[in-house]
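S.K.: Please find entry03.csv (CSV, C-alpha atoms) on the next line:
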```csv
chain,number,residue,atom,x,y,z
N,194,MET,CA,241.8,211.9,98.6
N,195,ARG,CA,245.0,213.7,99.6
N,196,ARG,CA,247.3,211.1,98.1
N,197,ALA,CA,245.3,211.1,94.8
N,198,ALA,CA,245.6,214.9,94.7
N,199,GLY,CA,249.3,214.7,95.4
N,200,ALA,CA,249.8,212.2,92.6
N,201,ALA,CA,247.9,214.4,90.2
N,202,CYS,CA,250.0,217.4,91.2
N,203,LEU,CA,253.2,215.4,90.7
N,204,GLY,CA,251.9,214.5,87.2
N,205,LEU,CA,251.2,218.1,86.4
N,206,ALA,CA,254.7,219.1,87.6
N,207,LEU,CA,256.2,216.5,85.4
N,208,ALA,CA,254.1,217.8,82.4
N,209,VAL,CA,255.3,221.4,83.1
N,210,ALA,CA,258.9,220.2,83.3
N,211,ALA,CA,258.5,218.3,80.0
N,212,VAL,CA,257.3,221.5,78.3
N,213,ALA,CA,259.9,223.7,79.9
N,214,PHE,CA,262.8,221.4,79.1
N,215,ASP,CA,261.4,220.0,75.9
N,216,SER,CA,261.8,216.5,77.3
N,217,SER,CA,259.4,214.0,75.6
N,218,SER,CA,260.4,211.3,78.1
N,219,LEU,CA,258.6,213.1,80.9
N,220,TYR,CA,255.2,213.2,79.2
N,221,LEU,CA,254.5,209.5,79.7
N,222,PRO,CA,254.9,209.4,83.5
N,223,ALA,CA,253.1,212.7,83.8
N,224,VAL,CA,250.1,211.5,82.0
N,225,ALA,CA,250.2,208.1,83.8
N,226,LEU,CA,250.2,209.8,87.2
N,227,ILE,CA,247.3,212.1,86.3
N,228,VAL,CA,245.2,209.3,84.8
N,229,LEU,CA,246.0,207.0,87.7
N,230,ALA,CA,245.1,209.5,90.4
N,231,ALA,CA,241.9,210.6,88.6
N,232,GLY,CA,240.8,207.0,88.0
N,233,ALA,CA,241.5,205.9,91.6
N,234,ALA,CA,239.6,208.9,92.9
N,235,ALA,CA,236.6,208.3,90.6
N,236,TRP,CA,236.4,204.6,91.3
N,237,VAL,CA,236.5,205.0,95.1
N,238,ARG,CA,234.0,207.8,94.9
N,239,LEU,CA,231.5,205.8,92.8
N,240,ALA,CA,232.1,202.7,95.0
N,241,ALA,CA,231.2,204.8,98.1
N,242,LEU,CA,228.2,206.4,96.5
N,243,GLY,CA,225.2,204.5,97.8
N,244,ALA,CA,227.3,202.0,99.8
N,245,GLY,CA,226.4,201.2,103.4
N,246,VAL,CA,226.9,198.8,106.3
N,247,THR,CA,224.0,197.2,108.3
N,248,ARG,CA,224.2,195.2,111.4
N,249,VAL,CA,221.4,192.6,111.7
N,250,PRO,CA,219.8,193.0,115.1
N,251,GLY,CA,220.7,190.2,117.5
N,252,PRO,CA,219.4,189.3,121.0
N,253,HIS,CA,219.4,192.0,123.6
N,254,THR,CA,220.9,189.8,126.2
N,255,VAL,CA,223.5,187.1,126.2
N,256,ALA,CA,225.2,185.2,129.0
N,257,GLU,CA,228.9,185.5,129.8
N,258,GLY,CA,230.9,183.2,127.5
N,259,ALA,CA,227.9,182.4,125.3
N,260,PRO,CA,228.1,183.1,121.6
N,261,TYR,CA,226.6,186.4,120.3
N,262,PRO,CA,225.8,186.3,116.6
N,263,LEU,CA,227.3,189.3,114.8
N,264,ARG,CA,225.8,189.6,111.4
N,265,LEU,CA,227.0,192.4,109.1
N,266,GLU,CA,225.7,193.1,105.6
N,267,VAL,CA,227.5,195.4,103.2
N,268,LYS,CA,225.5,197.3,100.5
N,269,ALA,CA,227.6,198.0,97.4
N,270,GLY,CA,227.6,201.4,95.7
N,271,VAL,CA,227.5,202.3,92.0
N,272,LEU,CA,230.6,200.3,91.4
N,273,PRO,CA,232.1,197.4,93.3
N,274,PRO,CA,234.8,198.5,95.7
N,275,PRO,CA,238.4,198.2,94.4
N,276,GLY,CA,239.5,197.1,97.9
N,277,GLY,CA,239.1,198.0,101.5
N,278,GLU,CA,238.1,196.6,104.8
N,279,LEU,CA,235.2,196.4,107.2
N,280,THR,CA,235.7,197.4,110.8
N,281,ASP,CA,233.4,196.9,113.7
N,282,PRO,CA,234.0,197.4,117.5
N,283,LEU,CA,233.1,193.8,118.1
N,284,LEU,CA,235.6,192.4,115.5
N,285,GLU,CA,239.1,191.5,116.7
N,286,GLU,CA,240.5,192.5,113.4
N,287,PRO,CA,239.1,194.2,110.2
N,288,VAL,CA,237.6,192.0,107.4
N,289,ARG,CA,239.1,192.6,104.0
N,290,MET,CA,236.7,193.6,101.3
N,291,GLY,CA,237.1,193.6,97.6
N,292,ALA,CA,235.2,193.5,94.3
N,293,THR,CA,234.8,189.7,94.6
N,294,ALA,CA,234.5,189.4,98.4
N,295,SER,CA,231.4,188.3,100.2
N,296,ARG,CA,229.1,191.1,101.2
N,297,ARG,CA,228.0,189.3,104.4
N,298,VAL,CA,230.0,188.7,107.5
N,299,SER,CA,228.9,186.2,110.2
N,300,VAL,CA,231.0,185.9,113.4
N,301,ASP,CA,230.1,184.6,116.8
N,302,ILE,CA,231.4,187.0,119.5
N,303,ARG,CA,231.9,186.0,123.2
N,304,PHE,CA,231.9,188.4,126.1
N,305,GLU,CA,233.7,187.5,129.3
N,306,ARG,CA,232.4,190.3,131.5
N,307,ARG,CA,228.9,191.0,132.6
N,308,GLY,CA,227.3,194.4,132.3
N,309,ARG,CA,225.9,196.8,129.7
N,310,ARG,CA,227.7,197.2,126.4
N,311,VAL,CA,227.0,199.9,123.8
N,312,LEU,CA,227.4,198.5,120.3
N,313,GLU,CA,228.7,201.3,118.1
N,314,PRO,CA,228.0,201.0,114.3
N,315,GLY,CA,230.7,199.6,112.0
N,316,THR,CA,232.6,201.4,109.3
N,317,LEU,CA,233.3,200.4,105.7
N,318,VAL,CA,236.7,201.7,104.4
N,319,ILE,CA,237.0,201.8,100.6
N,320,ARG,CA,240.4,202.3,99.1
N,321,ASP,CA,242.2,201.5,95.8
N,322,PRO,CA,245.1,199.0,95.8
N,323,LEU,CA,247.7,201.7,95.8
N,324,GLY,CA,246.0,203.7,98.7
N,325,LEU,CA,245.7,206.9,96.6
N,326,ALA,CA,242.0,207.4,97.4
N,327,VAL,CA,240.2,206.4,100.6
N,328,ARG,CA,236.6,206.9,101.7
N,329,GLU,CA,234.9,205.8,104.9
N,330,VAL,CA,231.2,204.8,105.0
N,331,ARG,CA,229.9,204.7,108.5
N,332,ALA,CA,226.8,202.7,109.3
N,333,THR,CA,223.7,204.8,109.9
N,334,ALA,CA,222.2,202.5,112.5
N,335,ASN,CA,221.5,203.9,115.9
N,336,LEU,CA,223.6,202.8,118.9
N,337,GLU,CA,222.5,199.5,120.3
N,338,GLU,CA,222.8,198.2,123.9
N,339,LEU,CA,223.6,194.7,124.8
N,340,LEU,CA,223.3,193.3,128.3
N,341,ILE,CA,225.8,190.6,129.3
N,342,LEU,CA,224.2,188.4,132.0
N,343,PRO,CA,226.3,186.6,134.6
N,344,ARG,CA,226.6,182.9,133.7
N,345,VAL,CA,225.2,180.2,135.8
N,346,GLU,CA,227.6,177.5,136.8
N,347,PRO,CA,227.0,174.1,138.7
N,348,LEU,CA,227.8,173.6,142.3
N,349,LEU,CA,230.7,171.2,143.0
N,350,SER,CA,232.0,169.5,146.0
N,351,PRO,CA,235.7,170.1,146.8
N,352,GLY,CA,236.6,166.7,145.3
N,353,ASP,CA,235.0,167.4,141.9
N,354,GLY,CA,237.1,168.3,138.9
N,355,GLY,CA,240.3,166.8,140.3
N,356,THR,CA,241.1,169.6,142.7
N,357,GLY,CA,239.0,170.7,145.6
N,358,ALA,CA,238.4,174.2,147.0
N,359,ASP,CA,241.3,173.8,149.4
N,360,GLY,CA,243.7,172.8,146.6
N,361,SER,CA,243.7,169.1,147.6
N,362,SER,CA,243.3,166.4,145.0
N,363,GLY,CA,239.9,165.0,144.3
N,364,SER,CA,238.6,161.9,146.1
N,365,PRO,CA,238.1,158.8,144.0
N,366,ASP,CA,234.5,158.6,145.4
N,367,SER,CA,233.5,161.9,143.7
N,368,GLY,CA,230.1,160.5,143.0
N,369,GLY,CA,229.5,160.0,146.7
N,370,SER,CA,230.7,163.5,147.6
N,371,ARG,CA,228.4,165.0,145.0
N,372,ALA,CA,225.5,163.0,146.5
N,373,GLN,CA,226.4,164.3,150.0
N,374,LEU,CA,226.6,167.9,148.7
N,375,ARG,CA,223.3,167.5,146.9
N,376,GLY,CA,221.7,166.2,150.1
N,377,ARG,CA,223.0,169.1,152.1
N,378,LEU,CA,221.8,171.7,149.7
N,379,GLN,CA,218.5,170.0,149.1
N,380,GLY,CA,217.9,170.1,152.8
N,381,SER,CA,218.1,173.8,152.9
N,382,ALA,CA,215.6,174.1,150.0
N,383,ALA,CA,213.1,171.7,151.3
N,384,GLU,CA,211.2,174.3,153.3
N,385,LEU,CA,207.8,173.6,152.0
N,386,ASP,CA,205.7,170.7,153.4
N,387,LEU,CA,202.4,169.6,151.9
N,388,ASP,CA,199.4,169.9,154.2
N,389,GLY,CA,196.6,168.7,152.0
N,390,LEU,CA,194.7,170.3,149.2
N,391,ARG,CA,192.3,173.3,148.9
N,392,PRO,CA,190.3,175.0,146.1
N,393,TYR,CA,192.2,176.9,143.6
N,394,ARG,CA,192.7,180.6,144.3
N,395,GLU,CA,193.1,183.0,141.4
N,396,GLY,CA,196.8,184.0,141.0
N,397,THR,CA,198.2,180.9,142.4
N,398,PRO,CA,201.4,179.7,140.5
N,399,ALA,CA,200.9,176.8,138.2
N,400,SER,CA,203.6,174.9,140.1
N,401,ARG,CA,201.2,174.7,143.1
N,402,ILE,CA,198.3,173.2,141.2
N,403,HIS,CA,197.7,169.5,141.9
N,404,TRP,CA,197.3,168.3,138.3
N,405,PRO,CA,196.5,164.6,139.0
N,406,VAL,CA,193.3,165.7,140.9
N,407,VAL,CA,192.4,168.2,138.2
N,408,ALA,CA,192.7,165.4,135.6
N,409,ARG,CA,190.5,163.0,137.6
N,410,SER,CA,187.8,165.4,138.8
N,411,GLY,CA,188.0,168.3,136.5
N,412,GLU,CA,188.1,170.7,139.5
N,413,MET,CA,191.0,173.1,140.0
N,414,VAL,CA,192.7,172.5,143.3
N,415,GLU,CA,196.1,173.6,144.7
N,416,ARG,CA,198.5,172.3,147.2
N,417,ARG,CA,198.3,173.8,150.7
N,418,LEU,CA,201.7,174.6,152.2
N,419,THR,CA,202.4,174.9,155.9
N,420,ALA,CA,205.8,176.6,155.8
N,421,ASP,CA,206.3,180.3,156.0
N,422,ALA,CA,208.1,182.3,153.4
N,423,ASP,CA,211.1,182.9,155.7
N,424,SER,CA,211.8,179.2,155.8
N,425,ALA,CA,213.2,179.3,152.2
N,426,PRO,CA,216.9,179.7,151.8
N,427,LEU,CA,218.1,183.3,151.5
N,428,VAL,CA,220.9,184.3,149.2
N,429,VAL,CA,222.4,187.7,150.1
N,430,LEU,CA,224.8,189.4,147.7
N,431,ASP,CA,227.3,191.8,149.4
N,432,ALA,CA,229.0,194.2,146.9
N,433,THR,CA,230.7,196.3,149.6
N,434,SER,CA,234.2,197.5,148.6
N,435,PRO,CA,235.3,194.5,146.5
N,436,PRO,CA,239.0,194.0,146.2
N,437,SER,CA,238.7,193.9,142.4
N,438,GLU,CA,236.1,193.9,139.7
N,439,GLN,CA,237.0,190.3,138.9
N,440,ALA,CA,236.2,189.3,142.5
N,441,LEU,CA,232.9,191.1,142.3
N,442,ASP,CA,232.0,189.3,139.1
N,443,MET,CA,232.8,185.9,140.6
N,444,ALA,CA,230.6,186.7,143.6
N,445,VAL,CA,227.7,187.7,141.3
N,446,ARG,CA,228.1,184.5,139.3
N,447,ALA,CA,228.1,182.5,142.5
N,448,ALA,CA,224.9,184.3,143.7
N,449,ALA,CA,223.2,183.6,140.4
N,450,SER,CA,224.2,180.0,140.4
N,451,LEU,CA,223.0,179.5,144.0
N,452,CYS,CA,219.7,181.0,143.2
N,453,VAL,CA,219.0,178.8,140.2
N,454,HIS,CA,220.3,175.7,142.1
N,455,LEU,CA,218.1,176.4,145.2
N,456,ALA,CA,215.1,177.4,143.1
N,457,HIS,CA,215.1,174.0,141.3
N,458,ARG,CA,214.9,172.4,144.7
N,459,GLY,CA,211.9,174.2,146.1
N,460,GLY,CA,212.6,177.9,146.0
N,461,CYS,CA,214.7,180.6,147.6
N,462,SER,CA,214.9,184.4,148.0
N,463,LEU,CA,217.5,186.9,146.9
N,464,LEU,CA,218.5,190.1,148.6
N,465,LEU,CA,220.4,192.4,146.3
N,466,PRO,CA,222.5,195.5,147.2
N,467,GLY,CA,220.3,198.4,148.0
N,468,ASP,CA,217.2,196.4,148.6
N,469,ARG,CA,215.5,196.2,152.0
N,470,ARG,CA,213.4,193.1,151.3
N,471,PRO,CA,214.5,189.9,149.5
N,472,VAL,CA,212.8,188.9,146.2
N,473,PRO,CA,211.3,185.4,146.3
N,474,LEU,CA,212.2,183.0,143.5
N,475,ALA,CA,209.9,180.0,143.1
N,476,SER,CA,210.7,176.7,141.5
N,477,ASP,CA,209.1,177.8,138.2
N,478,LEU,CA,211.8,180.5,137.9
N,479,ALA,CA,209.1,183.1,136.9
N,480,ALA,CA,211.0,185.9,138.6
N,481,TRP,CA,214.4,184.8,137.4
N,482,PRO,CA,214.7,186.8,134.2
N,483,ALA,CA,214.2,190.1,136.1
N,484,LEU,CA,216.6,189.0,138.8
N,485,HIS,CA,219.1,187.9,136.2
N,486,VAL,CA,219.1,191.4,134.6
N,487,ARG,CA,219.5,193.0,138.0
N,488,LEU,CA,222.5,190.8,138.8
N,489,ALA,CA,224.1,191.8,135.5
N,490,LEU,CA,223.9,195.5,136.6
N,491,VAL,CA,225.3,195.1,140.2
N,492,SER,CA,228.1,197.5,141.0
N,493,ALA,CA,230.3,198.1,144.0
N,494,ALA,CA,228.2,199.4,147.0
N,495,GLY,CA,229.1,201.5,150.0
N,496,THR,CA,227.0,199.8,152.6
N,497,ARG,CA,226.2,196.2,153.4
N,498,PRO,CA,222.8,194.6,153.1
N,499,PRO,CA,220.8,195.0,156.3
N,500,MET,CA,220.9,191.8,158.4
N,501,ALA,CA,220.2,193.1,161.9
N,502,ARG,CA,216.5,192.6,161.6
N,503,THR,CA,216.6,189.6,159.4
N,504,ARG,CA,215.4,186.3,161.0
N,505,ARG,CA,215.2,183.3,158.7
N,506,ALA,CA,214.1,179.8,159.6
N,507,GLY,CA,216.0,178.5,156.6
N,508,SER,CA,219.7,178.8,155.6
N,509,VAL,CA,221.3,182.1,154.7
N,510,PHE,CA,224.0,182.2,152.0
N,511,TRP,CA,226.2,185.3,152.4
N,512,VAL,CA,227.9,185.8,149.0
N,513,SER,CA,230.6,188.5,148.9
N,514,ALA,CA,233.8,189.3,147.1
N,515,ARG,CA,235.4,189.4,150.6
N,516,PRO,CA,235.7,186.5,153.0
N,517,ASP,CA,234.3,188.3,156.1
N,518,ALA,CA,230.6,188.3,157.0
N,519,PRO,CA,228.6,190.4,159.5
N,520,ARG,CA,228.3,189.2,163.1
N,521,GLU,CA,224.5,189.2,162.7
N,522,LEU,CA,224.6,186.4,160.1
N,523,ALA,CA,224.8,183.5,162.7
N,524,ARG,CA,221.9,184.9,164.6
N,525,ALA,CA,219.8,185.6,161.5
N,526,ALA,CA,220.2,182.2,160.0
N,527,PHE,CA,218.3,179.7,162.2
N,528,GLY,CA,218.9,177.0,159.5
N,529,GLY,CA,222.6,177.8,159.3
N,530,GLY,CA,224.8,180.5,157.8
N,531,TRP,CA,227.1,180.1,154.8
N,532,VAL,CA,229.9,182.4,153.6
N,533,VAL,CA,230.5,182.1,149.8
N,534,SER,CA,233.5,184.1,148.6
N,535,PRO,CA,236.3,183.8,146.0
N,536,ALA,CA,238.9,184.7,148.7
N,537,SER,CA,241.3,182.1,149.9
N,538,GLY,CA,240.2,182.6,153.5
N,539,THR,CA,237.2,180.2,153.1
N,540,ALA,CA,239.0,177.6,150.9
N,541,GLY,CA,240.4,175.5,153.7
N,542,ARG,CA,237.0,174.8,155.2
N,543,ALA,CA,234.9,174.8,152.0
N,544,GLU,CA,232.1,172.3,151.6
N,545,PHE,CA,231.3,173.3,148.1
N,546,THR,CA,232.5,175.5,145.3
N,547,VAL,CA,230.6,177.4,142.7
N,548,ALA,CA,231.8,179.9,140.0
N,549,GLY,CA,235.2,180.0,141.5
N,550,CYS,CA,233.9,180.7,145.0
N,551,SER,CA,234.1,178.5,148.1
N,552,GLY,CA,231.2,178.0,150.4
N,553,ALA,CA,232.0,177.5,154.2
N,554,ARG,CA,229.4,177.0,156.9
N,555,ILE,CA,229.3,179.1,160.1
N,556,GLY,CA,226.9,179.6,162.9
N,557,ARG,CA,225.1,177.1,165.2
N,558,ALA,CA,226.4,173.6,165.2
N,559,GLY,CA,223.9,171.0,163.9
N,560,ARG,CA,221.8,173.6,162.1
N,561,GLY,CA,223.6,173.7,158.9
N,562,VAL,CA,222.5,173.4,155.3
N,563,GLY,CA,222.0,169.7,155.7
N,564,THR,CA,219.1,170.2,158.1
N,565,PRO,CA,215.7,170.8,156.3
N,566,ALA,CA,214.8,174.3,157.7
N,567,GLY,CA,216.5,173.4,160.9
N,568,ARG,CA,213.7,170.9,161.9
N,569,ALA,CA,215.0,167.5,161.4
N,570,ALA,CA,218.5,166.1,161.5
```
So, in terms of C-alpha cells, how does the structure I just supplied come out?
M.R.:
Amino acid sequence: MRRAAGAACLGLALAVAAVAFDSSSLYLPAVALIVLAAGAAAWVRLAALGAGVTRVPGPHTVAEGAPYPLRLEVKAGVLPPPGGELTDPLLEEPVRMGATASRRVSVDIRFERRGRRVLEPGTLVIRDPLGLAVREVRATANLEELLILPRVEPLLSPGDGGTGADGSSGSPDSGGSRAQLRGRLQGSAAELDLDGLRPYREGTPASRIHWPVVARSGEMVERRLTADADSAPLVVLDATSPPSEQALDMAVRAAASLCVHLAHRGGCSLLLPGDRRPVPLASDLAAWPALHVRLALVSAAGTRPPMARTRRAGSVFWVSARPDAPRELARAAFGGGWVVSPASGTAGRAEFTVAGCSGARIGRAGRGVGTPAGRAA
C-alpha cells in the first residue's frame, strides 16, 4: 500500500499548493490522485478479504518424468480482484489473474530427479492495474511432501535404438539381438525348477498356487520348488563416492529397471546400501513398492555393500556409478558377475544397456548370465 499512500500524499500536496497559490488548475489532479489512491487501496483490500488459494491434493508418489497433476483453486474475496497473479513453487511462471479470469488452474508438472520434494503453498498476489496497492494472500495449507520415484526403463542390446553401448551403429538384425539378450537374462532368472505339487501352506504367495489343479479338484495345492533362494539373481547397488549426482541417479534407475526385468522372469533379490541381507523380489512384485521407495531415497554412501561372505548360485549384477567392482564379485557370483555402470569404461564390452548404463560380464568363463543358475549351457 506504499504507492497508494504516496499517491494520496501527492494529491494532498497539490491541494495545499492550490490553496496556497490560489490556483484552481491544481484542484483537479489533486482530487484525482486522492480518489484514485483511495479507490485502489479499498478495491484491493476488499478483494483480498476472504480470498484464498487451495492446492487439490495429488498423489504422494510419482515416477521421474511422469506427469504430476497440479490443481489450484482460487477463492475470491468480497470483490473480484482488479488484477494480479498466482504463484506456486511448481509453476514455471506466474499465472495472471483478473476479474474475469478462471479461478482454477490445472497444470501437469514433470520432475526429472528422484528424491523427496517439499511442496510449499502458493501465493495469490492481488494488485490494481496501476500497481498502487498490492496484497499477498498465502495459502494456508500445510507443507506437503512428494516422493519422486526412479523410473523403470527397458533393457536394450547394444544394437537397439540405432546406437549401441559402445557407440557403434545398430545391427540390422536388431530383433535377433534382442532375442539373444532376452535369452541371456532369462537364463539368470530361471532359478526355480518345479518338483511336483504339495498341499497348500498358509502364507504361500498366490503365484505359487497351482490354479488348474485347484479348479479341477477344489483342493488348494502349491508348486514345490527345488532351488534355493541364493540361486536367484542378485542386484547390488553401490552408492560409494559417485562422481556426480547424475551418475548416481542413472545407477539407481538401472538397478530399479534390472529388478523389475528379472522379477518378471522368475524373481531376484536386491541389496541396497547399508543393508546386510538382500531383499527378495518375487514375480508378483509384492515387495516392489517398498523397494521402489527405498531406491528413491538412496544417497551417496561411504562404504561398499558387503560381498566377502556372499555366495550366490545365480548371477550377481553389480550396479554402481563407477566402473570398478570389488574383487570378491567374481568369486561370489557362481552364475556369473556383471558390472552395470554409466561410465564409459564398460561401454566397449557391454552386452546390454539400461537407463543409460552399460552392462559388462566378468568372472568365470562359461558361467555368465546366459547359463540358468550355472547348471546348463
S.K.: Work out how far apart CA of Asp301 in chain N and CA of Gly251 in chain N are and give it in Å to one decimal.
M.R.: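 CA of Gly251 in chain N lies at a distance of 11.0 Å from CA of Asp301 in chain N.
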S.K.: Tell me which protein, DNA and RNA residues are within 12 Å of Val414 in chain N, counting all atoms listed in the file, leaving out same-chain ones fewer than 6 positions away, and put them as a PyMOL selection string.
M.R.: chain N and resi 389-395+397-408
S.K.: For a cut-off of 8 Å around (242.3, 191.3, 99.9), file coordinates, pick out all residues using only C-alpha atoms and list them as a list in words.
M.R.: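 Collected hits near the coordinates: Gly276, Gly277, Arg289, Met290 and Gly291 of chain N.
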S.K.: Using 12 Å as the limit and counting only C-alpha atoms, can you tabulate each residue of range 401-443 of chain N that touches range 305-328 of chain N, with its shortest atom-to-atom distance in Å and the two atoms involved, as a tab-separated table?
M.R.:
```
residue	atom	partner	partner_atom	distance
N:Glu438	CA	N:Arg306	CA	9.7
N:Gln439	CA	N:Arg306	CA	8.7
N:Ala440	CA	N:Arg306	CA	11.7
N:Leu441	CA	N:Arg307	CA	10.5
N:Asp442	CA	N:Arg307	CA	7.4
N:Met443	CA	N:Arg306	CA	10.1
```
S.K.: How many Å separate CA of Asp431 in chain N from CA of Ile341 in chain N?
M.R.: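 CA of Ile341 in chain N lies 20.2 Å from CA of Asp431 in chain N.
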S.K.: Between N:Gly549, N:Ile227, N:Glu521, N:Ser216, single out the one closest to Gly204 in chain N, counting only C-alpha atoms.
M.R.: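 Residue with the minimum atom-to-atom distance to Gly204 in chain N: N:Ile227.
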S.K.: Is it possible to get the residues within 10 Å of (224.7, 182.5, 124.5) (coordinates as in the file, counting only C-alpha atoms) written as a count of residues only?
M.R.: 17
S.K.: To one decimal place, how far is CA of Leu349 in chain N from CA of Glu544 in chain N in Å?
M.R.: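 Answer for the CA of Leu349 in chain N to CA of Glu544 in chain N separation: 8.8 Å.
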S.K.: Name all residues at most 9 Å from Ala241 in chain N (count all atoms listed in the file; drop same-chain ones fewer than 6 positions away) and give them as a tab-separated table (two decimals) with C-alpha atoms, in the coordinates of the input.
M.R.:
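Contents of part.tsv, as written:
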```tsv
chain	number	residue	atom	x	y	z
N	269	ALA	CA	227.60	198.00	97.40
N	270	GLY	CA	227.60	201.40	95.70
N	271	VAL	CA	227.50	202.30	92.00
N	272	LEU	CA	230.60	200.30	91.40
N	273	PRO	CA	232.10	197.40	93.30
N	274	PRO	CA	234.80	198.50	95.70
N	318	VAL	CA	236.70	201.70	104.40
N	319	ILE	CA	237.00	201.80	100.60
N	328	ARG	CA	236.60	206.90	101.70
N	329	GLU	CA	234.90	205.80	104.90
N	330	VAL	CA	231.20	204.80	105.00
```
S.K.: Env of Ala494 in chain N: 10 Å cut, atoms = all atoms listed in the file, seq-sep filter 2 positions within chain, self excluded. Answer as a ChimeraX atom specification.
M.R.: /N:431-435,466-467,491-492,496-498
S.K.: So that I can check the surroundings of Leu226 in chain N, please list as a ChimeraX atom specification every protein, DNA and RNA residue that reaches within 12 Å of it, counting only C-alpha atoms and ignoring chain neighbours fewer than 4 positions away.
M.R.: /N:196-208,219-222,230-233,325
S.K.: So that I can check the surroundings of Trp531 in chain N, please list as a PyMOL selection string every protein, DNA and RNA residue that reaches within 8 Å of it, counting all atoms listed in the file and ignoring chain neighbours fewer than 5 positions away.
M.R.: chain N and resi 508-511+552-555
